[in-house]
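Shown next: model-v7.txt, containing compact mmCIF, C-alpha atoms and all ligand atoms.
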```txt
# COMPACT_ATOMS: atom_id res chain seq x y z
CA MET T 1 -105.79 -21.92 47.74
CA ALA T 2 -104.97 -18.42 48.86
CA THR T 3 -105.39 -19.18 52.55
CA ALA T 4 -102.36 -19.91 54.75
CA HIS T 5 -101.29 -23.51 55.22
CA TYR T 6 -102.11 -25.12 58.57
CA SER T 7 -100.06 -28.26 59.15
CA THR T 8 -100.38 -30.92 61.82
CA PHE T 9 -97.17 -29.48 63.27
CA ASP T 10 -98.84 -26.06 63.52
CA ARG T 11 -101.88 -27.59 65.09
CA LEU T 12 -99.95 -29.41 67.79
CA ARG T 13 -97.49 -26.70 68.68
CA LEU T 14 -98.30 -23.80 70.99
CA PRO T 15 -96.40 -20.57 70.46
CA ALA T 16 -94.55 -19.06 73.42
CA TYR T 17 -96.83 -16.13 74.12
CA ASP T 18 -93.94 -13.83 74.99
CA ASN T 19 -91.78 -14.70 71.99
CA GLN T 20 -91.99 -12.32 69.06
CA LYS T 21 -90.45 -14.99 66.80
CA GLN T 22 -93.37 -17.35 67.43
CA MET T 23 -96.12 -14.76 67.89
CA GLN T 24 -96.48 -11.72 65.71
CA THR T 25 -97.83 -9.12 68.11
CA GLY T 26 -99.14 -5.72 67.07
CA ASP T 27 -97.11 -2.55 66.86
CA LEU T 28 -98.03 1.07 66.21
CA LEU T 29 -96.53 4.27 64.88
CA PHE T 30 -97.15 7.49 66.78
CA ASP T 31 -96.82 10.67 64.73
CA ARG T 32 -94.86 12.99 67.02
CA GLU T 33 -95.98 16.06 65.04
CA LYS T 34 -99.68 15.29 65.35
CA CYS T 35 -99.81 13.82 68.86
CA LYS T 36 -100.97 16.28 71.53
CA GLU T 37 -99.96 13.92 74.37
CA CYS T 38 -103.51 13.85 75.76
CA GLY T 39 -103.40 10.23 76.97
CA VAL T 40 -106.75 9.19 75.49
CA CYS T 41 -105.20 6.22 73.68
CA VAL T 42 -103.37 5.05 76.80
CA GLN T 43 -106.60 5.15 78.76
CA LEU T 44 -108.60 3.26 76.16
CA CYS T 45 -106.27 0.40 75.22
CA PRO T 46 -108.08 -2.78 76.34
CA GLY T 47 -105.00 -4.50 77.67
CA GLY T 48 -103.21 -1.49 79.08
CA CYS T 49 -100.40 -2.09 76.63
CA LEU T 50 -99.67 1.57 75.89
CA LEU T 51 -97.58 3.76 78.12
CA ALA T 52 -96.96 7.51 78.15
CA ASP T 53 -93.95 9.07 79.90
CA THR T 54 -95.94 10.28 82.89
CA ALA T 55 -99.14 8.23 82.95
CA THR T 56 -100.31 4.62 82.87
CA LYS T 57 -103.80 3.44 81.99
CA MET T 58 -104.65 3.00 85.66
CA ASP T 59 -103.38 6.52 86.53
CA LEU T 60 -105.67 7.94 83.87
CA ILE T 61 -108.71 5.90 84.91
CA SER T 62 -108.33 6.61 88.60
CA GLY T 63 -107.76 10.31 88.02
CA LYS T 64 -104.30 10.12 89.56
CA ALA T 65 -102.90 11.61 86.37
CA LYS T 66 -104.48 15.06 86.13
CA GLY T 67 -104.60 17.30 83.07
CA GLY T 68 -101.53 18.36 81.20
CA LYS T 69 -99.36 16.54 78.75
CA TYR T 70 -98.26 12.99 79.36
CA GLY T 71 -95.70 12.62 76.59
CA VAL T 72 -96.03 10.77 73.28
CA PRO T 73 -97.19 7.23 74.11
CA HIS T 74 -95.52 4.02 72.99
CA VAL T 75 -96.44 0.33 72.87
CA VAL T 76 -94.95 -1.54 75.81
CA THR T 77 -92.42 -4.12 74.65
CA MET T 78 -91.53 -7.19 76.69
CA ARG T 79 -87.96 -8.42 77.07
CA SER T 80 -88.43 -10.70 74.07
CA GLY T 81 -89.63 -7.89 71.80
CA ALA T 82 -93.26 -9.07 71.90
CA THR T 83 -96.04 -6.63 72.79
CA LEU T 84 -99.57 -7.17 74.08
CA CYS T 85 -101.04 -5.13 71.23
CA ILE T 86 -103.74 -6.98 69.27
CA ALA T 87 -103.98 -4.27 66.58
CA CYS T 88 -107.63 -3.60 67.34
CA TYR T 89 -106.91 0.10 66.73
CA ASP T 90 -109.44 1.16 69.38
CA CYS T 91 -106.74 3.65 70.42
CA GLY T 92 -106.47 5.04 66.89
CA ALA T 93 -110.23 5.29 66.36
CA ALA T 94 -110.46 7.49 69.45
CA CYS T 95 -107.32 9.60 68.97
CA PRO T 96 -108.63 13.15 68.43
CA HIS T 97 -105.63 14.04 66.26
CA GLY T 98 -105.23 11.05 63.96
CA ALA T 99 -101.73 10.46 65.27
CA ILE T 100 -101.72 6.66 65.35
CA SER T 101 -101.17 4.13 62.58
CA ILE T 102 -100.59 0.38 62.61
CA LYS T 103 -97.06 -0.77 61.87
CA ARG T 104 -97.57 -4.51 62.33
CA ASN T 105 -100.75 -6.51 62.78
CA PHE T 106 -101.42 -9.28 65.28
CA ASN T 107 -101.05 -12.89 64.22
CA PRO T 108 -100.40 -15.53 66.87
CA GLY T 109 -98.31 -18.42 65.58
CA TYR T 110 -98.64 -22.19 65.19
CA HIS T 111 -101.83 -23.52 66.78
CA PHE T 112 -103.49 -20.09 66.70
CA LYS T 113 -102.19 -18.77 63.41
CA ARG T 114 -104.55 -16.85 61.17
CA LEU T 115 -105.45 -18.54 57.95
CA THR T 116 -107.71 -16.32 55.85
CA GLN T 117 -106.68 -12.92 57.21
CA THR T 118 -103.77 -11.32 55.35
CA SER T 119 -101.30 -8.92 56.94
CA GLU T 120 -102.61 -5.95 54.93
CA MET T 121 -104.69 -3.60 57.06
CA ARG T 122 -107.54 -1.96 55.18
CA TYR T 123 -110.21 0.55 56.17
CA PRO T 124 -113.88 -0.28 55.53
CA LYS T 125 -114.48 -0.10 51.81
CA ARG T 126 -117.71 1.06 50.26
CA TYR T 127 -118.14 -1.43 47.45
CA MET P 1 -107.20 8.03 62.05
CA ASN P 2 -110.56 9.59 62.80
CA VAL P 3 -112.00 9.26 59.28
CA LYS P 4 -115.66 10.25 59.45
CA TYR P 5 -118.23 9.62 56.76
CA GLU P 6 -120.65 12.51 57.10
CA GLU P 7 -122.99 12.12 54.15
CA LEU P 8 -125.31 9.13 54.41
CA SER P 9 -127.26 7.08 51.89
CA PRO P 10 -130.98 6.48 52.43
CA LEU P 11 -132.03 3.09 53.82
CA GLY P 12 -133.33 0.50 51.39
CA THR P 13 -131.33 1.47 48.29
CA TYR P 14 -128.03 0.34 46.79
CA GLU P 15 -125.73 1.84 44.20
CA GLU P 16 -122.14 0.77 43.77
CA GLY P 17 -119.73 2.87 45.84
CA MET P 18 -122.45 4.89 47.55
CA PRO P 19 -121.86 6.34 51.04
CA TRP P 20 -122.79 4.21 54.05
CA ASN P 21 -126.40 4.21 55.11
CA PRO P 22 -127.07 4.84 58.83
CA VAL P 23 -127.14 1.12 59.68
CA GLU P 24 -123.83 0.45 57.93
CA LYS P 25 -122.28 3.52 59.52
CA ILE P 26 -123.12 2.20 62.98
CA ILE P 27 -121.73 -1.22 62.05
CA VAL P 28 -118.38 0.01 60.72
CA GLU P 29 -117.83 2.77 63.27
CA ARG P 30 -118.83 0.79 66.35
CA ARG P 31 -115.86 0.25 68.63
CA SER P 32 -115.71 -1.63 71.88
CA ILE P 33 -116.20 1.11 74.45
CA ARG P 34 -114.18 0.71 77.65
CA SER P 35 -114.43 4.13 79.25
CA PHE P 36 -117.74 5.48 80.50
CA LYS P 37 -119.37 8.41 82.27
CA LYS P 38 -120.30 7.56 85.85
CA GLU P 39 -124.05 8.04 85.48
CA PRO P 40 -125.87 5.14 83.82
CA LEU P 41 -128.21 5.39 80.84
CA PRO P 42 -131.83 6.15 81.77
CA ASP P 43 -133.89 3.01 82.47
CA SER P 44 -136.15 3.74 79.51
CA MET P 45 -133.12 3.70 77.23
CA ILE P 46 -131.88 0.42 78.69
CA ARG P 47 -135.32 -1.05 78.04
CA ARG P 48 -135.23 0.26 74.48
CA ILE P 49 -131.88 -1.48 73.97
CA LEU P 50 -133.22 -4.72 75.50
CA GLU P 51 -135.99 -4.53 72.93
CA ALA P 52 -133.35 -4.95 70.18
CA GLY P 53 -132.35 -8.15 71.96
CA ARG P 54 -135.88 -9.44 72.35
CA PHE P 55 -136.41 -9.16 68.60
CA ALA P 56 -133.20 -10.95 67.59
CA PRO P 57 -133.52 -14.05 65.42
CA SER P 58 -132.93 -17.40 67.13
CA ALA P 59 -132.98 -20.99 65.95
CA GLY P 60 -136.59 -22.20 65.96
CA ASN P 61 -137.55 -18.89 67.60
CA SER P 62 -136.51 -20.53 70.87
CA GLN P 63 -135.15 -17.26 72.34
CA PRO P 64 -132.69 -19.12 74.58
CA TRP P 65 -131.77 -16.08 76.69
CA ARG P 66 -132.49 -14.42 79.98
CA PHE P 67 -131.41 -10.82 80.58
CA ILE P 68 -130.10 -9.52 83.88
CA VAL P 69 -129.40 -5.78 84.24
CA VAL P 70 -126.89 -4.86 86.93
CA LYS P 71 -126.79 -1.19 87.91
CA SER P 72 -126.01 -1.37 91.62
CA ARG P 73 -122.64 0.28 92.23
CA GLU P 74 -122.03 -1.98 95.20
CA ILE P 75 -122.64 -5.13 93.21
CA LEU P 76 -120.58 -3.88 90.26
CA ALA P 77 -117.66 -3.08 92.56
CA GLU P 78 -117.88 -6.49 94.19
CA MET P 79 -117.95 -8.22 90.79
CA GLU P 80 -114.83 -6.35 89.73
CA LYS P 81 -113.03 -7.25 92.95
CA ASP P 82 -113.92 -10.92 92.76
CA ALA P 83 -113.11 -11.23 89.07
CA ILE P 84 -109.65 -9.81 89.75
CA ARG P 85 -109.25 -12.24 92.62
CA VAL P 86 -110.04 -15.29 90.46
CA ILE P 87 -107.81 -14.05 87.63
CA LYS P 88 -104.93 -13.45 90.06
CA PHE P 89 -105.34 -16.98 91.37
CA PHE P 90 -105.16 -18.56 87.91
CA MET P 91 -102.36 -16.34 86.72
CA PHE P 92 -100.29 -17.20 89.76
CA PHE P 93 -99.98 -20.73 88.35
CA LEU P 94 -100.12 -19.99 84.64
CA ASP P 95 -98.44 -16.72 83.80
CA TYR P 96 -95.03 -17.70 82.50
CA THR P 97 -94.54 -14.28 80.92
CA THR P 98 -93.87 -12.44 84.19
CA GLY P 99 -91.99 -12.91 87.45
CA ASN P 100 -88.67 -14.57 88.27
CA ARG P 101 -87.08 -17.40 86.31
CA VAL P 102 -87.97 -20.32 88.53
CA ARG P 103 -91.61 -19.24 88.65
CA ARG P 104 -91.69 -18.83 84.89
CA ILE P 105 -90.33 -22.29 84.24
CA ILE P 106 -92.85 -23.95 86.54
CA ALA P 107 -95.75 -21.83 85.26
CA ARG P 108 -94.78 -22.66 81.69
CA PHE P 109 -95.33 -26.32 82.42
CA TYR P 110 -98.82 -25.78 83.86
CA ALA P 111 -99.67 -23.38 81.06
CA ALA P 112 -98.68 -25.86 78.34
CA VAL P 113 -101.12 -28.39 79.79
CA LEU P 114 -103.98 -26.04 80.55
CA ILE P 115 -103.83 -24.12 77.26
CA ARG P 116 -104.38 -27.44 75.49
CA ILE P 117 -107.39 -28.16 77.69
CA LEU P 118 -108.85 -24.65 77.37
CA PRO P 119 -107.43 -23.32 74.08
CA ASN P 120 -110.18 -20.73 73.65
CA GLU P 121 -110.20 -19.36 77.18
CA LEU P 122 -106.39 -19.30 77.25
CA HIS P 123 -105.81 -18.06 73.70
CA PRO P 124 -102.92 -15.55 73.67
CA VAL P 125 -105.32 -12.57 73.72
CA PRO P 126 -107.31 -13.35 76.90
CA PHE P 127 -104.13 -14.79 78.43
CA GLY P 128 -102.32 -11.48 77.90
CA LEU P 129 -105.34 -9.57 79.16
CA MET P 130 -105.55 -11.66 82.32
CA SER P 131 -101.82 -11.25 82.88
CA GLN P 132 -102.28 -7.47 82.78
CA ILE P 133 -105.35 -7.62 85.04
CA ALA P 134 -103.45 -9.75 87.57
CA GLN P 135 -100.72 -7.11 87.58
CA GLY P 136 -103.27 -4.35 88.20
CA LYS P 137 -102.65 -2.71 84.84
CA THR P 138 -106.18 -2.86 83.44
CA PRO P 139 -109.66 -3.57 84.87
CA VAL P 140 -112.15 -6.33 84.00
CA PHE P 141 -115.48 -4.50 83.61
CA HIS P 142 -114.03 -1.08 82.73
CA ALA P 143 -115.99 0.63 85.52
CA ALA P 144 -119.13 0.42 83.39
CA PRO P 145 -122.26 1.78 85.15
CA ILE P 146 -124.40 -0.96 83.58
CA LEU P 147 -123.83 -4.62 82.85
CA ILE P 148 -126.35 -6.63 80.87
CA LEU P 149 -125.77 -10.30 81.58
CA LEU P 150 -126.70 -12.55 78.67
CA VAL P 151 -127.71 -15.77 80.34
CA GLU P 152 -127.99 -18.71 77.98
CA ASP P 153 -130.75 -21.30 78.27
CA ARG P 154 -128.95 -24.47 77.24
CA ARG P 155 -132.20 -26.10 76.12
CA GLY P 156 -132.45 -23.85 73.05
CA VAL P 157 -132.65 -25.18 69.51
CA SER P 158 -129.45 -26.31 67.76
CA ASN P 159 -126.70 -24.04 69.11
CA PRO P 160 -127.86 -21.55 71.76
CA PRO P 161 -124.49 -19.70 72.15
CA MET P 162 -124.91 -18.53 68.57
CA ASP P 163 -128.32 -17.04 69.42
CA ILE P 164 -126.77 -15.31 72.43
CA GLY P 165 -124.19 -13.69 70.15
CA ILE P 166 -126.76 -12.48 67.66
CA CYS P 167 -129.04 -11.17 70.40
CA GLY P 168 -126.21 -9.35 72.15
CA GLN P 169 -124.90 -7.74 69.00
CA ASN P 170 -128.39 -6.44 68.20
CA MET P 171 -128.30 -4.65 71.55
CA VAL P 172 -124.75 -3.39 71.05
CA LEU P 173 -125.64 -1.84 67.69
CA ALA P 174 -128.84 -0.36 69.11
CA ALA P 175 -126.88 1.18 71.98
CA HIS P 176 -124.34 2.77 69.61
CA SER P 177 -127.09 4.04 67.32
CA LEU P 178 -128.60 5.84 70.32
CA GLY P 179 -125.30 7.54 71.13
CA ALA P 180 -124.24 5.21 73.93
CA GLY P 181 -121.43 2.64 73.90
CA ALA P 182 -120.94 -1.00 74.77
CA CYS P 183 -118.28 -3.65 75.13
CA TRP P 184 -118.65 -7.40 75.18
CA ILE P 185 -117.06 -8.89 78.28
CA GLY P 186 -116.29 -12.59 78.01
CA LEU P 187 -114.16 -12.47 81.13
CA ILE P 188 -117.30 -12.49 83.28
CA LYS P 189 -116.88 -16.27 82.92
CA VAL P 190 -114.30 -16.21 85.72
CA LEU P 191 -117.01 -15.25 88.24
CA MET P 192 -118.73 -18.56 87.55
CA TYR P 193 -115.91 -20.30 89.44
CA LEU P 194 -117.36 -18.70 92.58
CA PRO P 195 -120.56 -20.32 93.96
CA LYS P 196 -121.46 -16.94 95.43
CA TRP P 197 -122.11 -15.41 92.02
CA ARG P 198 -123.74 -18.48 90.52
CA LYS P 199 -126.16 -18.37 93.41
CA LYS P 200 -126.74 -14.63 93.26
CA PHE P 201 -127.68 -14.67 89.59
CA GLY P 202 -129.37 -18.08 89.66
CA ILE P 203 -126.96 -19.70 87.22
CA LYS P 204 -127.74 -23.40 87.43
CA TYR P 205 -129.21 -25.82 84.90
CA PRO P 206 -130.62 -24.95 82.39
CA TYR P 207 -128.76 -21.66 82.62
CA LYS P 208 -125.20 -20.78 81.72
CA LEU P 209 -123.45 -17.42 81.89
CA ASP P 210 -120.52 -16.88 79.54
CA VAL P 211 -120.75 -13.29 78.49
CA CYS P 212 -122.14 -9.87 79.33
CA LEU P 213 -122.30 -6.39 77.86
CA ALA P 214 -120.74 -3.39 79.58
CA MET P 215 -122.76 -0.33 78.68
CA GLY P 216 -122.97 3.40 79.27
CA TRP P 217 -122.27 6.84 77.85
CA GLN P 218 -118.95 7.01 76.02
CA LYS P 219 -116.32 9.15 77.69
CA PRO P 220 -114.49 10.14 75.57
CA LYS P 221 -116.36 9.42 72.33
CA ALA P 222 -114.38 6.55 70.90
CA ASP P 223 -116.41 5.26 67.95
CA GLY P 224 -114.79 5.44 64.54
CA PRO P 225 -113.61 3.28 61.65
CA VAL P 226 -110.50 1.11 61.97
CA PRO P 227 -108.38 -0.81 59.49
CA ARG P 228 -108.71 -4.58 59.64
CA GLU P 229 -106.90 -7.43 57.91
CA ALA P 230 -107.92 -7.85 54.29
CA GLN P 231 -109.37 -11.31 54.06
CA VAL P 232 -109.46 -14.10 51.52
CA VAL P 233 -112.97 -14.99 50.33
CA GLU P 234 -113.76 -17.99 48.15
CA TRP P 235 -116.48 -17.75 45.51
CA TYR P 236 -118.01 -20.82 43.95
CA ASP P 237 -119.72 -19.34 40.95
CA LYS P 238 -118.77 -21.66 38.07
CA GLY P 239 -119.34 -25.37 37.48
CA LEU P 240 -119.57 -28.26 39.90
CA ASN P 241 -115.92 -29.24 39.43
CA ASP P 242 -114.37 -25.82 39.01
CA PRO P 243 -112.11 -24.50 41.76
CA PRO P 244 -113.31 -21.40 43.58
CA ARG P 245 -112.24 -17.95 42.54
CA THR P 246 -110.76 -15.96 45.42
CA THR P 247 -110.97 -12.27 46.22
CA LYS P 248 -109.38 -10.18 48.91
CA GLN P 249 -112.12 -8.53 50.92
CA GLY P 250 -111.19 -4.96 51.81
CA GLU P 251 -108.78 -4.45 48.94
C1 LIG Y 1 -117.62 -12.65 72.78
C2 LIG Y 1 -116.71 -11.46 73.04
C3 LIG Y 1 -116.07 -11.35 74.26
C4 LIG Y 1 -115.25 -10.25 74.53
N1 LIG Y 1 -114.67 -10.14 75.76
C5 LIG Y 1 -113.97 -9.02 76.07
C6 LIG Y 1 -113.46 -8.85 77.38
O1 LIG Y 1 -113.61 -9.72 78.27
N2 LIG Y 1 -112.81 -7.71 77.67
C7 LIG Y 1 -112.63 -6.73 76.72
O2 LIG Y 1 -112.04 -5.71 77.05
N3 LIG Y 1 -113.09 -6.87 75.46
C8 LIG Y 1 -113.78 -7.98 75.11
N4 LIG Y 1 -114.29 -8.13 73.85
C9 LIG Y 1 -114.12 -7.05 72.85
C10 LIG Y 1 -113.08 -7.41 71.78
O3 LIG Y 1 -111.81 -7.30 72.36
C11 LIG Y 1 -113.23 -6.47 70.59
O4 LIG Y 1 -114.47 -6.69 70.00
C12 LIG Y 1 -112.14 -6.64 69.54
O5 LIG Y 1 -110.89 -6.32 70.08
C13 LIG Y 1 -112.40 -5.78 68.31
O6 LIG Y 1 -112.45 -4.42 68.65
P1 LIG Y 1 -113.76 -3.55 68.31
O7 LIG Y 1 -114.92 -4.22 68.98
O8 LIG Y 1 -113.49 -2.19 68.87
O9 LIG Y 1 -113.91 -3.54 66.82
C14 LIG Y 1 -115.07 -9.24 73.55
C15 LIG Y 1 -115.71 -9.38 72.32
C16 LIG Y 1 -116.52 -10.45 72.06
C17 LIG Y 1 -117.23 -10.54 70.74
S1 LIG Y 2 -104.82 9.93 71.73
FE1 LIG Y 2 -103.61 10.67 69.98
S2 LIG Y 2 -103.02 12.74 70.57
FE2 LIG Y 2 -103.71 11.73 72.47
S3 LIG Y 2 -101.80 10.87 73.33
FE3 LIG Y 2 -102.71 9.28 72.05
S4 LIG Y 2 -101.69 9.52 70.06
FE4 LIG Y 2 -101.34 11.40 71.20
S1 LIG Y 3 -104.27 -1.29 68.71
FE1 LIG Y 3 -105.59 -1.99 70.41
S2 LIG Y 3 -104.26 -3.30 71.62
FE2 LIG Y 3 -102.92 -2.12 70.28
S3 LIG Y 3 -102.33 -0.35 71.52
FE3 LIG Y 3 -104.15 0.26 70.33
S4 LIG Y 3 -105.87 -0.15 71.67
FE4 LIG Y 3 -104.10 -1.25 72.52
```

Kindly return the structure encoded in the file as structure tokens.
Amino acid sequence: MATAHYSTFDRLRLPAYDNQKQMQTGDLLFDREKCKECGVCVQLCPGGCLLADTATKMDLISGKAKGGKYGVPHVVTMRSGATLCIACYDCGAACPHGAISIKRNFNPGYHFKRLTQTSEMRYPKRY
Amino acid sequence: MNVKYEELSPLGTYEEGMPWNPVEKIIVERRSIRSFKKEPLPDSMIRRILEAGRFAPSAGNSQPWRFIVVKSREILAEMEKDAIRVIKFFMFFLDYTTGNRVRRIIARFYAAVLIRILPNELHPVPFGLMSQIAQGKTPVFHAAPILILLVEDRRGVSNPPMDIGICGQNMVLAAHSLGAGACWIGLIKVLMYLPKWRKKFGIKYPYKLDVCLAMGWQKPKADGPVPREAQVVEWYDKGLNDPPRTTKQGE
């Protein structure tokens, strides 16, 4: 079977949500050449897990951050190295300059681990 | 990347490798929209979108849904405020990923118990989202000018939540095809802990409210294709005792 193995141990154990060793959280690559530092991605990330140098998601929504360049964004990393990125790529779909790509997909461990999804990210394919 | 497929195939035909038809294009380029213009969609357009819901399939044609459209800015603001309040309350006990050490150790204990009781509601994704909401880093309803509440009638045939999902997605796709945007919001569930909102929307037996759609004009336009995990698919296309052949969907 090509699907991942799910043992009783997996089933019973919860991953520590902030531990990158037990939870593979998403990560992105920002192309510094292409990025125009517009902040669109920071504003759109569902969990507010992107940060630019001079603007947070809430600054951008509330209009506190006005115009200008906010710096090349990055994915916020917790102390443990985990992020809150779920690799939905809603940021990348909206980026006007195609500056974002996925470096690592999201796959919570143990009880929640993905079984039929592989770690290869593929665009919609016209079969 | 903003890959756009400009040429379209006609509806009702298929040839291998042909461009998307308009329906497929809407399906693959639909993204959850979480940033909207302030003004709502015109009422006629909302009614057109509701029509896509009314004509969704349902088990035994039982149509186990009731639609509530919320456009009042006052009510929307109050819903946001109360949802944040409930989430803050829960996260105070559960969020072991933030705060000082003592707090984290105690919260970790509660979380370990409650995640096992509510593994879906407290899956790492909504847990992380609620942690961020409690810290004021992201909103619940994304300041949408319209919410369509999908109220489930629990007396439906077989498995009514399934019908709710199908019905809602019909409306989401209709909205995107008309140039608007939508996002499913499961977190509306937290409002059901407050009698005030159950009463306001009349959520008592046989009704249940687990999900709603945030809707409006996209600002900025955020639809577009995304990469997703290639996925293992099993095909049983040989004999009764033959193992399935597997393919990787997306590869
Ligand atoms: C039943 C359901 C509930 C959801 N609840 C929320 C929610 O509460 N908040 C949110 O921001 N997104 C919510 N979403 C949107 C998902 O996060 C989104 O569909 C997923 O990340 C994939 O991204 P895409 O829709 O842009 O392809 C929900 C989606 C579904 C289907
Ligand atoms: S949306 Fe694209 S261009 Fe704008 S800040 Fe994000 S990565 Fe840079
Ligand atoms: S992929 Fe999704 S979760 Fe990750 S940073 Fe982009 S919008 Fe946020």

Pull the closest atom pair for each residue of chain T that gets at most 8 Å from ligand LIG 3 (chain Y), along with the distance in Å to one decimal, counting all atoms listed in the file, ordering rows by chain and then ascending residue number, as a tab-separated table.
```
residue	atom	partner	partner_atom	distance
T:Gly26	CA	Y:LIG3	FE2	6.1
T:Asp27	CA	Y:LIG3	FE2	6.8
T:Leu28	CA	Y:LIG3	S3	7.0
T:Cys41	CA	Y:LIG3	S4	6.7
T:Val42	CA	Y:LIG3	S3	7.6
T:Leu44	CA	Y:LIG3	S4	6.3
T:Cys45	CA	Y:LIG3	S4	3.6
T:Pro46	CA	Y:LIG3	FE4	5.7
T:Gly47	CA	Y:LIG3	FE4	6.2
T:Gly48	CA	Y:LIG3	FE4	6.6
T:Cys49	CA	Y:LIG3	FE4	5.6
T:Leu50	CA	Y:LIG3	S3	5.5
T:Val75	CA	Y:LIG3	S3	6.1
T:Leu84	CA	Y:LIG3	S2	6.6
T:Cys85	CA	Y:LIG3	FE2	3.7
T:Ile86	CA	Y:LIG3	S2	4.4
T:Ala87	CA	Y:LIG3	S1	3.7
T:Cys88	CA	Y:LIG3	FE1	4.0
T:Tyr89	CA	Y:LIG3	S1	3.6
T:Asp90	CA	Y:LIG3	S4	4.4
T:Cys91	CA	Y:LIG3	S4	4.1
T:Gly92	CA	Y:LIG3	FE3	6.3
T:Ile102	CA	Y:LIG3	S1	7.3
```

Filtering to C-alpha atoms, could you give me those residues as a JSON list (two decimals), in the frame of the given file?
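Now in part39.json:
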```json
[["chain", "number", "residue", "atom", "x", "y", "z"],
["T", 26, "GLY", "CA", -99.14, -5.72, 67.07],
["T", 27, "ASP", "CA", -97.11, -2.55, 66.86],
["T", 28, "LEU", "CA", -98.03, 1.07, 66.21],
["T", 41, "CYS", "CA", -105.20, 6.22, 73.68],
["T", 42, "VAL", "CA", -103.37, 5.05, 76.80],
["T", 44, "LEU", "CA", -108.60, 3.26, 76.16],
["T", 45, "CYS", "CA", -106.27, 0.40, 75.22],
["T", 46, "PRO", "CA", -108.08, -2.78, 76.34],
["T", 47, "GLY", "CA", -105.00, -4.50, 77.67],
["T", 48, "GLY", "CA", -103.21, -1.49, 79.08],
["T", 49, "CYS", "CA", -100.40, -2.09, 76.63],
["T", 50, "LEU", "CA", -99.67, 1.57, 75.89],
["T", 75, "VAL", "CA", -96.44, 0.33, 72.87],
["T", 84, "LEU", "CA", -99.57, -7.17, 74.08],
["T", 85, "CYS", "CA", -101.04, -5.13, 71.23],
["T", 86, "ILE", "CA", -103.74, -6.98, 69.27],
["T", 87, "ALA", "CA", -103.98, -4.27, 66.58],
["T", 88, "CYS", "CA", -107.63, -3.60, 67.34],
["T", 89, "TYR", "CA", -106.91, 0.10, 66.73],
["T", 90, "ASP", "CA", -109.44, 1.16, 69.38],
["T", 91, "CYS", "CA", -106.74, 3.65, 70.42],
["T", 92, "GLY", "CA", -106.47, 5.04, 66.89],
["T", 102, "ILE", "CA", -100.59, 0.38, 62.61]]
```

Using all atoms listed in the file, find the one residue out of P:Asp210, P:Glu234, P:Glu15, P:Asp242 that sits nearest to ligand LIG 1 (chain Y).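 Closest residue, counting all atoms listed in the file: P:Asp210.
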
Using all atoms listed in the file, find each residue with an atom at most 8 Å away from ligand LIG 2 (chain Y) and format the answer as a VMD selection string. chain T and resid 30 to 32 34 to 42 52 70 to 73 91 to 92 94 to 100

With a cut-off of 7 Å and counting only C-alpha atoms, select all residues of chain P in contact with chain T and give the selection as a PyMOL selection string. chain P and resi 1-2+16-19+28+31+34-35+97+124+128-129+132+137-138+221-232+250-251

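Between atom CA of Ala55 of chain T and atom CA of Val76 of chain T lies a distance of 12.8 Å.
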
With the cut-off set at 7 Å and counting all atoms listed in the file, tabulate each residue of chain P with an atom at most that distance from an atom of ligand LIG 1 (chain Y), showing the nearest atom pair and its distance in Å to one decimal, ordered by chain and increasing number, as CSV.
```
residue,atom,partner,partner_atom,distance
P:Arg30,CA,Y:LIG1,O9,6.6
P:Arg31,CA,Y:LIG1,O8,3.4
P:Ser32,CA,Y:LIG1,O8,3.8
P:Arg34,CA,Y:LIG1,O2,6.8
P:Val140,CA,Y:LIG1,N2,6.5
P:Cys183,CA,Y:LIG1,C9,5.8
P:Trp184,CA,Y:LIG1,C14,4.3
P:Ile185,CA,Y:LIG1,O1,3.5
P:Gly186,CA,Y:LIG1,N1,3.7
P:Leu187,CA,Y:LIG1,O1,4.0
P:Ile188,CA,Y:LIG1,O1,6.8
P:Val211,CA,Y:LIG1,C1,6.5
```

I'd like the neighbourhood of segment 179-182 of chain P as a VMD selection string, where a residue qualifies if any of its atoms comes within 7 Å (using only C-alpha atoms), though same-chain residues fewer than 6 positions away should be ignored. chain P and resid 32 to 33 172 213 to 218

Of the residues P:Phe201, P:Phe93, P:Phe36, P:Phe67, which is the one nearest to Ile164 of chain P, using only C-alpha atoms?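 Selected residue with least distance to Ile164 of chain P: P:Phe67.
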
Distance of atom CA of Glu121 of chain P from atom CA of Ser62 of chain P, expressed in Å to one decimal place: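 Computing it gives 27.1 Å between the two atoms.
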
To one decimal place, how far is atom CA of Glu29 of chain P from atom CA of Ile49 of chain P in Å?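 Between these atoms lies a distance of 18.2 Å.
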
Taking (-123.0, 11.7, 58.5) as a centre in this file's frame and 10 Å as the limit, can you find every polymer residue with an atom that close, using only C-alpha atoms, and give them as a list of chain:residue names?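 Result, sorted by chain then residue number: P:Lys4, P:Tyr5, P:Glu6, P:Glu7, P:Leu8, P:Ser9, P:Pro19, P:Trp20, P:Asn21, P:Pro22, P:Lys25.
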
I want to know what sits within 10 Å of Ile46 of chain P, based on all atoms listed in the file, with residues of the same chain fewer than 6 positions away left out; could you give that as a list in words? Pro40, Val69, Ile146, Ile148, Met171, Ala175, Met215 and Gly216 of chain P

Pick out the residues sitting within 8 Å of Lys208 of chain P, and hand them over as number ranges by chain; count all atoms listed in the file, and ignore anything fewer than 5 positions along from it in its own chain. P: 151-154, 203

Can we get segment 78-84 of chain P of that structure written down with C-alpha atoms, as a CSV table (one decimal), in the first residue's frame?
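After the write, part_29.csv holds the following:
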```csv
chain,number,residue,atom,x,y,z
P,78,GLU,CA,-21.1,42.2,17.8
P,79,MET,CA,-20.6,38.7,16.4
P,80,GLU,CA,-16.9,39.4,15.9
P,81,LYS,CA,-16.5,40.8,19.4
P,82,ASP,CA,-18.3,37.9,21.1
P,83,ALA,CA,-16.5,35.2,19.1
P,84,ILE,CA,-13.2,36.7,20.1
```
